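Undergrad: Here you go, one structure.
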There are 2 protein chains.
Amino acid sequence: VSIALVHHPVLDRDGQVIVTAVTNLDVHDLARSARTYAVKNVFIVHPVEAQRELIGKVTRHWTEGAGGKRIPDRIAAMERVRIVPALDEVLGALGAQAEVWTTAASASGETLSFQAARAIAATDGPPILLVYGTGWGLAEPVHARATARLAPIAGRDGWNHLSVRAAVAISLDRLLGA
Amino acid sequence: VSIALVHHPVLDRDGQVIVTAVTNLDVHDLARSARTYAVKNVFIVHPVEAQRELIGKVTRHWTEGAGGKRIPDRIAAMERVRIVPALDEVLGALGAQAEVWTTAASASGETLSFQAARAIAATDGPPILLVYGTGWGLAEPVHARATARLAPIAGRDGWNHLSVRAAVAISLDRLLGA
């Protein structure tokens with residue numbers, strides 16, 4: 001299982017397609033959640049070169065630099081981070097047989113339940129990529145390329161504005177937790 | 001159910017008791033996770049007045065100010081934030097019959113399983129307070145005041161360095177999720 005955090009194409013609160021800026025804590029939190037659940041790759045997808053360079057700098061600080069020396073446990077998390085300009089590159093690397101599951105805060109059409117997804121993840125099948133959007137979520141063309149859309153995380157009464165950091169943590173625990 | 005995020009007394013990576021600085025995204029993420037699972041109160045515990053004032057300013061920006069006007073959904077999350085100087089104040093407000101469950105990344109002594117905790121949370125019993133530490137976790141005197149210590153979140157192979165934002169999200173989902 002791998003995860004991808006997409007910064008474009010994603011939506012703003014008016015439904016327009018935008019590019020979002022990188023949030024430093026997203027990279028840390030996703031890498032730490034990935035390490036916890038033995039997720040191999042954390043793809044940070046960003047079309048802007050300067051932003052990719054920034055993420056690379058931050059990541060190296062924690063894998064090879066002073067950050068990792070100070071907090072060695074962070075190395076095993078941050079070394080999972082891969083920086084790519086577009087989701088295409090990730091899909092190409094994983095191959096045509098990969099399961100690509102997009103995520104969204106609200107349901108639209110048919111969705112894959114966490115129970116069914118957990119059963120698939122437990123088999124020795126093709127690679128699985130979980131795709132998360134920043135901003136107000138993934139734009140429709142990303143969902144269109146998925147093999148399935150994961151069910152939204154249901155809270156108590158339909159309010160669905162978890163942070164992407166929380167959504168990644170909860171979904172990895174539901175899919176891969178003990 | 002309420003949650004508390006403690007900034008003192010917590011440990012640094014050498015096991016010394018310290019005061020940590022407030023992280024803005026902690027407040028947002030915990031409030032959003034709390035709203036998702038219908039958790040009523042997010043107590044931010046900080047002994048330093050200037051830090052409490054800062055959190056108050058941030059919170060008001062999102063409940064009464066420009067932030068809430070721009071992103072109205074955030075109001076229902078951020079209005080749950082309560083700022084207190086010490087955990088004593090929270091325990092006093094909840095009363096002597098409250099269940100106080102501390103959390104830690106590693107087990108020590110007897111712990112309450114998530115399954116058992118979920119069953120207790122589902123009953124119409126006394127109030128429950130989940131207590132989370134910043135830094136390298138809660139200092140022992142906080143655990144000593146608890147009615148139980150919640151089981152650590154087990155990943156795949158014992159690596160236990162989730163962010164507190166992820167740990168809160170996962171534990172609320174395990175205890176209160178659909």
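Every chain in the structure tokens has a letter given in the order shown (A, B, ...), and although residue numbers restart at 1 in each chain, ligands are simply numbered from 1 in the order shown.
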Which residues of chain B come within 10 Å of chain A, and for each one, what is the closest pair of atoms and their distance in Å to one decimal, counting only C-alpha atoms, sorted by chain and residue number, as a Markdown table?
TA:
| residue | atom | partner | partner_atom | distance |
| --- | --- | --- | --- | --- |
| B:Arg13 | CA | A:Ile71 | CA | 8.4 |
| B:Leu25 | CA | A:Leu25 | CA | 8.4 |
| B:His28 | CA | A:Ser163 | CA | 8.2 |
| B:Asp29 | CA | A:Ser163 | CA | 6.0 |
| B:Leu30 | CA | A:Ala166 | CA | 8.8 |
| B:Ala31 | CA | A:Leu162 | CA | 9.1 |
| B:Arg32 | CA | A:Leu162 | CA | 5.5 |
| B:Ser33 | CA | A:Leu162 | CA | 5.9 |
| B:Ala34 | CA | A:Leu162 | CA | 9.2 |
| B:Arg35 | CA | A:Trp159 | CA | 7.4 |
| B:Thr36 | CA | A:Gly155 | CA | 4.8 |
| B:Tyr37 | CA | A:Gly155 | CA | 5.1 |
| B:Ala38 | CA | A:Arg156 | CA | 6.0 |
| B:Val39 | CA | A:Arg156 | CA | 9.4 |
| B:Arg70 | CA | A:Arg13 | CA | 9.5 |
| B:Ile71 | CA | A:Arg13 | CA | 8.4 |
| B:Asp73 | CA | A:His161 | CA | 7.5 |
| B:Arg74 | CA | A:His161 | CA | 8.0 |
| B:Ala76 | CA | A:Trp159 | CA | 9.2 |
| B:Ala77 | CA | A:His161 | CA | 9.0 |
| B:Ile153 | CA | A:Gly177 | CA | 8.6 |
| B:Ala154 | CA | A:Ala178 | CA | 6.4 |
| B:Gly155 | CA | A:Thr36 | CA | 4.8 |
| B:Arg156 | CA | A:Tyr37 | CA | 5.2 |
| B:Asp157 | CA | A:Thr36 | CA | 7.6 |
| B:Gly158 | CA | A:Thr36 | CA | 7.8 |
| B:Trp159 | CA | A:Thr36 | CA | 5.8 |
| B:Asn160 | CA | A:Thr36 | CA | 6.5 |
| B:His161 | CA | A:Arg32 | CA | 6.5 |
| B:Leu162 | CA | A:Arg32 | CA | 5.5 |
| B:Ser163 | CA | A:Asp29 | CA | 6.0 |
| B:Val164 | CA | A:Asp29 | CA | 9.1 |
| B:Arg165 | CA | A:Ala166 | CA | 6.6 |
| B:Ala166 | CA | A:Ala169 | CA | 5.3 |
| B:Ala167 | CA | A:Ala169 | CA | 7.8 |
| B:Val168 | CA | A:Ala166 | CA | 8.2 |
| B:Ala169 | CA | A:Ala166 | CA | 5.3 |
| B:Ile170 | CA | A:Ile170 | CA | 5.0 |
| B:Ser171 | CA | A:Ile170 | CA | 8.6 |
| B:Leu172 | CA | A:Ile170 | CA | 9.1 |
| B:Asp173 | CA | A:Ile170 | CA | 6.8 |
| B:Arg174 | CA | A:Ile170 | CA | 8.7 |
| B:Leu176 | CA | A:Arg156 | CA | 7.9 |
| B:Gly177 | CA | A:Gly155 | CA | 6.2 |
| B:Ala178 | CA | A:Ala154 | CA | 6.3 |
Undergrad: Would you mind listing what lies within 12 Å of His7 of chain B as a CSV table (one decimal) with all heavy atoms, in the first residue's frame, with only C-alpha atoms counted and same-chain residues fewer than 5 positions away left out?
TA:
chain,number,residue,atom,x,y,z
B,12,ASP,N,10.2,15.8,27.4
B,12,ASP,CA,11.0,16.0,26.2
B,12,ASP,C,11.6,14.6,25.8
B,12,ASP,O,11.3,13.6,26.5
B,12,ASP,CB,12.0,17.1,26.3
B,12,ASP,CG,13.1,16.7,27.3
B,12,ASP,OD1,13.2,15.5,27.7
B,12,ASP,OD2,14.0,17.6,27.6
B,17,VAL,N,10.7,16.9,32.3
B,17,VAL,CA,9.4,17.5,32.3
B,17,VAL,C,9.6,19.0,31.7
B,17,VAL,O,10.4,19.7,32.2
B,17,VAL,CB,8.8,17.6,33.7
B,17,VAL,CG1,7.5,18.4,33.7
B,17,VAL,CG2,8.5,16.2,34.1
B,18,ILE,N,8.8,19.3,30.7
B,18,ILE,CA,8.9,20.6,30.0
B,18,ILE,C,7.5,21.2,29.8
B,18,ILE,O,6.5,20.5,30.0
B,18,ILE,CB,9.6,20.5,28.7
B,18,ILE,CG1,8.9,19.4,27.8
B,18,ILE,CG2,11.1,20.1,28.8
B,18,ILE,CD1,9.3,19.5,26.3
B,19,VAL,N,7.5,22.4,29.3
B,19,VAL,CA,6.3,23.1,28.8
B,19,VAL,C,6.5,23.2,27.3
B,19,VAL,O,7.6,23.6,26.9
B,19,VAL,CB,6.2,24.5,29.4
B,19,VAL,CG1,4.9,25.2,28.8
B,19,VAL,CG2,6.1,24.5,30.9
B,20,THR,N,5.5,22.7,26.5
B,20,THR,CA,5.7,22.8,25.0
B,20,THR,C,4.9,24.1,24.6
B,20,THR,O,4.0,24.6,25.2
B,20,THR,CB,5.1,21.6,24.3
B,20,THR,OG1,3.8,21.4,24.7
B,20,THR,CG2,5.9,20.4,24.7
B,21,ALA,N,5.3,24.6,23.4
B,21,ALA,CA,4.6,25.7,22.8
B,21,ALA,C,3.4,25.2,22.0
B,21,ALA,O,3.3,24.0,21.6
B,21,ALA,CB,5.6,26.4,21.8
B,22,VAL,N,2.4,26.0,21.9
B,22,VAL,CA,1.2,25.7,21.2
B,22,VAL,C,1.5,25.5,19.7
B,22,VAL,O,2.2,26.3,19.1
B,22,VAL,CB,0.1,26.8,21.4
B,22,VAL,CG1,-1.0,26.5,20.4
B,22,VAL,CG2,-0.4,26.7,22.8
B,23,THR,N,0.9,24.5,19.1
B,23,THR,CA,1.0,24.3,17.6
B,23,THR,C,-0.4,24.7,17.1
B,23,THR,O,-1.4,24.0,17.4
B,23,THR,CB,1.4,22.9,17.3
B,23,THR,OG1,2.7,22.6,17.8
B,23,THR,CG2,1.4,22.7,15.7
B,26,ASP,N,-2.6,21.9,15.8
B,26,ASP,CA,-3.1,21.0,16.8
B,26,ASP,C,-4.5,21.4,17.1
B,26,ASP,O,-5.4,20.6,17.2
B,26,ASP,CB,-2.3,21.0,18.0
B,26,ASP,CG,-1.0,20.3,17.9
B,26,ASP,OD1,-0.7,19.7,16.9
B,26,ASP,OD2,-0.2,20.3,18.9
B,43,PHE,N,-10.3,20.7,25.5
B,43,PHE,CA,-9.5,21.5,26.5
B,43,PHE,C,-8.1,21.6,26.0
B,43,PHE,O,-7.4,20.6,25.9
B,43,PHE,CB,-9.6,20.8,27.9
B,43,PHE,CG,-11.0,20.8,28.4
B,43,PHE,CD1,-11.7,19.6,28.4
B,43,PHE,CD2,-11.6,21.9,29.0
B,43,PHE,CE1,-13.0,19.5,29.0
B,43,PHE,CE2,-12.9,21.9,29.5
B,43,PHE,CZ,-13.6,20.7,29.5
B,44,ILE,N,-7.6,22.8,25.8
B,44,ILE,CA,-6.2,23.1,25.6
B,44,ILE,C,-5.6,23.6,26.9
B,44,ILE,O,-6.0,24.6,27.4
B,44,ILE,CB,-6.1,24.2,24.5
B,44,ILE,CG1,-6.8,23.8,23.2
B,44,ILE,CG2,-4.6,24.4,24.2
B,44,ILE,CD1,-6.3,22.6,22.4
B,45,VAL,N,-4.7,22.7,27.4
B,45,VAL,CA,-4.2,23.0,28.7
B,45,VAL,C,-2.8,23.6,28.6
B,45,VAL,O,-1.9,23.0,28.1
B,45,VAL,CB,-4.1,21.7,29.5
B,45,VAL,CG1,-3.5,21.9,30.9
B,45,VAL,CG2,-5.4,21.0,29.6
B,46,HIS,N,-2.7,24.9,29.0
B,46,HIS,CA,-1.4,25.5,28.9
B,46,HIS,C,-1.1,26.4,30.1
B,46,HIS,O,-2.0,27.3,30.4
B,46,HIS,CB,-1.2,26.3,27.6
B,46,HIS,CG,0.2,26.4,27.2
B,46,HIS,ND1,1.1,27.1,27.9
B,46,HIS,CD2,0.8,25.9,26.1
B,46,HIS,CE1,2.3,27.0,27.3
B,46,HIS,NE2,2.2,26.2,26.2
B,47,PRO,N,0.0,26.3,30.8
B,47,PRO,CA,0.2,27.1,32.0
B,47,PRO,C,0.7,28.5,31.8
B,47,PRO,O,0.6,29.3,32.7
B,47,PRO,CB,1.4,26.3,32.7
B,47,PRO,CG,2.1,25.7,31.6
B,47,PRO,CD,1.1,25.3,30.6
B,48,VAL,N,1.0,28.8,30.5
B,48,VAL,CA,1.6,30.2,30.2
B,48,VAL,C,0.5,31.1,29.7
B,48,VAL,O,-0.2,30.8,28.7
B,48,VAL,CB,2.7,30.1,29.2
B,48,VAL,CG1,3.3,31.5,28.9
B,48,VAL,CG2,3.9,29.2,29.8
B,51,GLN,N,0.5,32.2,26.0
B,51,GLN,CA,0.1,31.2,25.1
B,51,GLN,C,-1.4,30.9,25.1
B,51,GLN,O,-2.0,30.7,24.1
B,51,GLN,CB,0.8,29.8,25.5
B,51,GLN,CG,2.3,29.9,25.2
B,51,GLN,CD,2.6,29.5,23.8
B,51,GLN,OE1,2.5,28.3,23.4
B,51,GLN,NE2,3.0,30.4,22.9
B,52,ARG,N,-2.0,31.0,26.3
B,52,ARG,CA,-3.5,30.9,26.4
B,52,ARG,C,-4.1,32.0,25.6
B,52,ARG,O,-5.1,31.8,24.9
B,52,ARG,CB,-3.9,30.9,27.8
B,52,ARG,CG,-3.5,29.6,28.6
B,52,ARG,CD,-4.3,29.4,29.9
B,52,ARG,NE,-4.3,30.6,30.8
B,52,ARG,CZ,-3.3,30.8,31.7
B,52,ARG,NH1,-2.3,29.9,31.8
B,52,ARG,NH2,-3.3,31.8,32.5
B,83,ILE,N,-9.9,26.9,26.8
B,83,ILE,CA,-8.5,27.1,27.2
B,83,ILE,C,-8.4,27.2,28.7
B,83,ILE,O,-9.0,28.0,29.3
B,83,ILE,CB,-8.0,28.4,26.5
B,83,ILE,CG1,-8.3,28.3,25.0
B,83,ILE,CG2,-6.5,28.6,26.8
B,83,ILE,CD1,-8.4,29.7,24.3
B,84,VAL,N,-7.6,26.3,29.3
B,84,VAL,CA,-7.4,26.3,30.7
B,84,VAL,C,-5.9,26.2,31.1
B,84,VAL,O,-5.1,25.7,30.4
B,84,VAL,CB,-8.1,25.0,31.3
B,84,VAL,CG1,-9.6,25.2,31.1
B,84,VAL,CG2,-7.6,23.7,30.7
B,85,PRO,N,-5.6,26.7,32.3
B,85,PRO,CA,-4.2,26.7,32.7
B,85,PRO,C,-3.7,25.4,33.2
B,85,PRO,O,-2.5,25.1,33.2
B,85,PRO,CB,-4.1,27.8,33.8
B,85,PRO,CG,-5.5,27.9,34.3
B,85,PRO,CD,-6.4,27.5,33.2
B,86,ALA,N,-4.6,24.5,33.7
B,86,ALA,CA,-4.1,23.3,34.3
B,86,ALA,C,-5.2,22.2,34.2
B,86,ALA,O,-6.4,22.5,34.2
B,86,ALA,CB,-3.7,23.5,35.7
B,87,LEU,N,-4.7,21.0,34.1
B,87,LEU,CA,-5.7,19.8,34.0
B,87,LEU,C,-6.6,19.8,35.2
B,87,LEU,O,-7.8,19.4,35.1
B,87,LEU,CB,-4.9,18.5,33.9
B,87,LEU,CG,-5.7,17.3,33.4
B,87,LEU,CD1,-6.3,17.6,32.0
B,87,LEU,CD2,-4.8,16.1,33.4
B,131,VAL,N,-7.1,12.2,27.6
B,131,VAL,CA,-6.0,13.2,27.9
B,131,VAL,C,-4.8,12.8,27.0
B,131,VAL,O,-4.3,11.6,27.0
B,131,VAL,CB,-5.6,13.2,29.3
B,131,VAL,CG1,-4.5,14.3,29.6
B,131,VAL,CG2,-6.8,13.3,30.3
B,132,TYR,N,-4.4,13.7,26.2
B,132,TYR,CA,-3.2,13.6,25.2
B,132,TYR,C,-2.1,14.5,25.6
B,132,TYR,O,-2.3,15.7,26.0
B,132,TYR,CB,-3.7,13.8,23.8
B,132,TYR,CG,-4.8,13.0,23.3
B,132,TYR,CD1,-6.1,13.3,23.5
B,132,TYR,CD2,-4.5,11.8,22.6
B,132,TYR,CE1,-7.2,12.5,23.1
B,132,TYR,CE2,-5.6,11.0,22.2
B,132,TYR,CZ,-6.9,11.3,22.4
B,132,TYR,OH,-7.9,10.5,22.0
B,133,GLY,N,-0.9,14.0,25.4
B,133,GLY,CA,0.3,14.9,25.7
B,133,GLY,C,0.9,15.4,24.4
B,133,GLY,O,0.9,14.7,23.4
B,134,THR,N,1.5,16.6,24.5
B,134,THR,CA,2.3,17.1,23.4
B,134,THR,C,3.8,16.6,23.7
B,134,THR,O,4.0,15.8,24.6
B,134,THR,CB,2.2,18.6,23.3
B,134,THR,OG1,2.6,19.1,24.6
B,134,THR,CG2,0.9,19.1,22.9
B,135,GLY,N,4.7,17.1,22.9
B,135,GLY,CA,6.1,16.7,23.1
B,135,GLY,C,6.3,15.2,23.0
B,135,GLY,O,5.8,14.5,22.1
B,136,TRP,N,7.0,14.6,24.0
B,136,TRP,CA,7.2,13.1,24.1
B,136,TRP,C,6.2,12.5,25.0
B,136,TRP,O,6.5,11.4,25.4
B,136,TRP,CB,8.7,12.8,24.4
B,136,TRP,CG,9.5,12.6,23.2
B,136,TRP,CD1,10.0,11.4,22.8
B,136,TRP,CD2,9.9,13.6,22.2
B,136,TRP,NE1,10.7,11.6,21.6
B,136,TRP,CE2,10.7,12.9,21.2
B,136,TRP,CE3,9.7,14.9,22.1
B,136,TRP,CZ2,11.2,13.6,20.1
B,136,TRP,CZ3,10.2,15.6,21.0
B,136,TRP,CH2,11.0,14.9,20.0
B,137,GLY,N,5.1,13.1,25.2
B,137,GLY,CA,4.0,12.5,26.0
B,137,GLY,C,3.8,13.0,27.4
B,137,GLY,O,4.6,13.7,27.9
B,138,LEU,N,2.7,12.5,28.0
B,138,LEU,CA,2.4,13.0,29.3
B,138,LEU,C,3.4,12.5,30.4
B,138,LEU,O,3.9,11.4,30.3
B,138,LEU,CB,1.0,12.4,29.7
B,138,LEU,CG,-0.2,12.8,28.8
B,138,LEU,CD1,-1.4,11.9,29.1
B,138,LEU,CD2,-0.5,14.3,29.1
B,139,ALA,N,3.6,13.4,31.3
B,139,ALA,CA,4.5,13.0,32.5
B,139,ALA,C,3.7,12.1,33.4
B,139,ALA,O,2.5,12.1,33.5
B,139,ALA,CB,4.9,14.3,33.2
B,142,VAL,N,0.5,12.8,35.5
B,142,VAL,CA,-0.8,12.9,34.9
B,142,VAL,C,-1.4,11.5,34.8
B,142,VAL,O,-2.6,11.3,35.1
B,142,VAL,CB,-0.6,13.5,33.5
B,142,VAL,CG1,-2.0,13.6,32.8
B,142,VAL,CG2,0.0,14.9,33.5
B,164,VAL,N,0.4,13.7,17.4
B,164,VAL,CA,-0.7,13.8,18.4
B,164,VAL,C,-2.0,14.0,17.6
B,164,VAL,O,-3.1,13.6,18.0
B,164,VAL,CB,-0.5,14.8,19.5
B,164,VAL,CG1,-0.6,16.3,19.0
B,164,VAL,CG2,-1.5,14.6,20.6
Undergrad: Using DSSP on the backbone, list every residue of segment 29-156 of chain A that comes out as alpha helix (DSSP H), and give them as a ChimeraX atom specification.
TA: /A:29-36,49-63,66-70,75-78,87-94,114-122,140-144
Undergrad: May I have the residues within 12 Å of Gly125 of chain A as a PDB file with all heavy atoms, in the first residue's frame, using only C-alpha atoms and disregarding those fewer than 3 positions away in the same chain?
TA:
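The resulting file, out27.pdb, is reproduced below:
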ATOM      1  N   VAL A   1       0.839  -1.198   0.000  1.00  0.00           N
ATOM      2  CA  VAL A   1       0.000   0.000   0.000  1.00  0.00           C
ATOM      3  C   VAL A   1       0.878   1.253   0.000  1.00  0.00           C
ATOM      4  O   VAL A   1       1.859   1.327   0.736  1.00  0.00           O
ATOM      5  CB  VAL A   1      -0.926   0.019   1.246  1.00  0.00           C
ATOM      6  CG1 VAL A   1      -1.756   1.289   1.283  1.00  0.00           C
ATOM      7  CG2 VAL A   1      -1.834  -1.213   1.263  1.00  0.00           C
ATOM      8  N   GLN A  97      -2.093  -2.707 -13.352  1.00  0.00           N
ATOM      9  CA  GLN A  97      -2.903  -3.612 -12.517  1.00  0.00           C
ATOM     10  C   GLN A  97      -3.155  -3.052 -11.114  1.00  0.00           C
ATOM     11  O   GLN A  97      -3.878  -3.660 -10.320  1.00  0.00           O
ATOM     12  CB  GLN A  97      -2.266  -5.001 -12.470  1.00  0.00           C
ATOM     13  CG  GLN A  97      -1.175  -5.205 -11.437  1.00  0.00           C
ATOM     14  CD  GLN A  97       0.162  -4.533 -11.828  1.00  0.00           C
ATOM     15  OE1 GLN A  97       0.221  -3.660 -12.688  1.00  0.00           O
ATOM     16  NE2 GLN A  97       1.215  -4.914 -11.145  1.00  0.00           N
ATOM     17  N   ALA A  98      -2.553  -1.889 -10.793  1.00  0.00           N
ATOM     18  CA  ALA A  98      -2.683  -1.329  -9.435  1.00  0.00           C
ATOM     19  C   ALA A  98      -4.126  -0.933  -9.114  1.00  0.00           C
ATOM     20  O   ALA A  98      -4.875  -0.504  -9.993  1.00  0.00           O
ATOM     21  CB  ALA A  98      -1.771  -0.114  -9.285  1.00  0.00           C
ATOM     22  N   GLU A  99      -4.475  -1.086  -7.851  1.00  0.00           N
ATOM     23  CA  GLU A  99      -5.739  -0.548  -7.354  1.00  0.00           C
ATOM     24  C   GLU A  99      -5.506   0.906  -6.982  1.00  0.00           C
ATOM     25  O   GLU A  99      -4.600   1.208  -6.186  1.00  0.00           O
ATOM     26  CB  GLU A  99      -6.189  -1.305  -6.094  1.00  0.00           C
ATOM     27  CG  GLU A  99      -6.576  -2.748  -6.314  1.00  0.00           C
ATOM     28  CD  GLU A  99      -8.013  -2.886  -6.804  1.00  0.00           C
ATOM     29  OE1 GLU A  99      -8.759  -1.876  -6.747  1.00  0.00           O
ATOM     30  OE2 GLU A  99      -8.376  -3.974  -7.249  1.00  0.00           O
ATOM     31  N   ALA A 119     -10.313  -6.019   3.372  1.00  0.00           N
ATOM     32  CA  ALA A 119     -10.166  -7.411   2.918  1.00  0.00           C
ATOM     33  C   ALA A 119      -9.249  -7.480   1.702  1.00  0.00           C
ATOM     34  O   ALA A 119      -8.396  -8.363   1.604  1.00  0.00           O
ATOM     35  CB  ALA A 119     -11.537  -8.001   2.601  1.00  0.00           C
ATOM     36  N   ILE A 120      -9.392  -6.533   0.775  1.00  0.00           N
ATOM     37  CA  ILE A 120      -8.525  -6.510  -0.410  1.00  0.00           C
ATOM     38  C   ILE A 120      -7.077  -6.228   0.003  1.00  0.00           C
ATOM     39  O   ILE A 120      -6.141  -6.872  -0.460  1.00  0.00           O
ATOM     40  CB  ILE A 120      -9.008  -5.445  -1.422  1.00  0.00           C
ATOM     41  CG1 ILE A 120     -10.405  -5.810  -1.957  1.00  0.00           C
ATOM     42  CG2 ILE A 120      -8.012  -5.302  -2.585  1.00  0.00           C
ATOM     43  CD1 ILE A 120     -11.087  -4.699  -2.753  1.00  0.00           C
ATOM     44  N   ALA A 121      -6.904  -5.274   0.913  1.00  0.00           N
ATOM     45  CA  ALA A 121      -5.548  -4.907   1.352  1.00  0.00           C
ATOM     46  C   ALA A 121      -4.850  -6.064   2.067  1.00  0.00           C
ATOM     47  O   ALA A 121      -3.626  -6.134   2.091  1.00  0.00           O
ATOM     48  CB  ALA A 121      -5.607  -3.672   2.256  1.00  0.00           C
ATOM     49  N   ALA A 122      -5.637  -6.962   2.652  1.00  0.00           N
ATOM     50  CA  ALA A 122      -5.057  -8.091   3.392  1.00  0.00           C
ATOM     51  C   ALA A 122      -4.585  -9.203   2.459  1.00  0.00           C
ATOM     52  O   ALA A 122      -3.835 -10.083   2.881  1.00  0.00           O
ATOM     53  CB  ALA A 122      -6.074  -8.636   4.385  1.00  0.00           C
ATOM     54  N   ILE A 128      -1.679  -1.135  -4.018  1.00  0.00           N
ATOM     55  CA  ILE A 128      -2.827  -0.259  -3.769  1.00  0.00           C
ATOM     56  C   ILE A 128      -2.300   1.148  -3.526  1.00  0.00           C
ATOM     57  O   ILE A 128      -1.345   1.337  -2.766  1.00  0.00           O
ATOM     58  CB  ILE A 128      -3.621  -0.725  -2.527  1.00  0.00           C
ATOM     59  CG1 ILE A 128      -4.230  -2.108  -2.778  1.00  0.00           C
ATOM     60  CG2 ILE A 128      -4.702   0.291  -2.160  1.00  0.00           C
ATOM     61  CD1 ILE A 128      -4.775  -2.772  -1.514  1.00  0.00           C
TER      62      ILE A 128
END
Undergrad: Go through A:Ala148, A:Leu130, A:Ala50, A:Leu11 one by one, measure the shortest atom-to-atom distance of each to Gly109 of chain A using only C-alpha atoms, and give the residue with the smallest value.
TA: A:Ala148
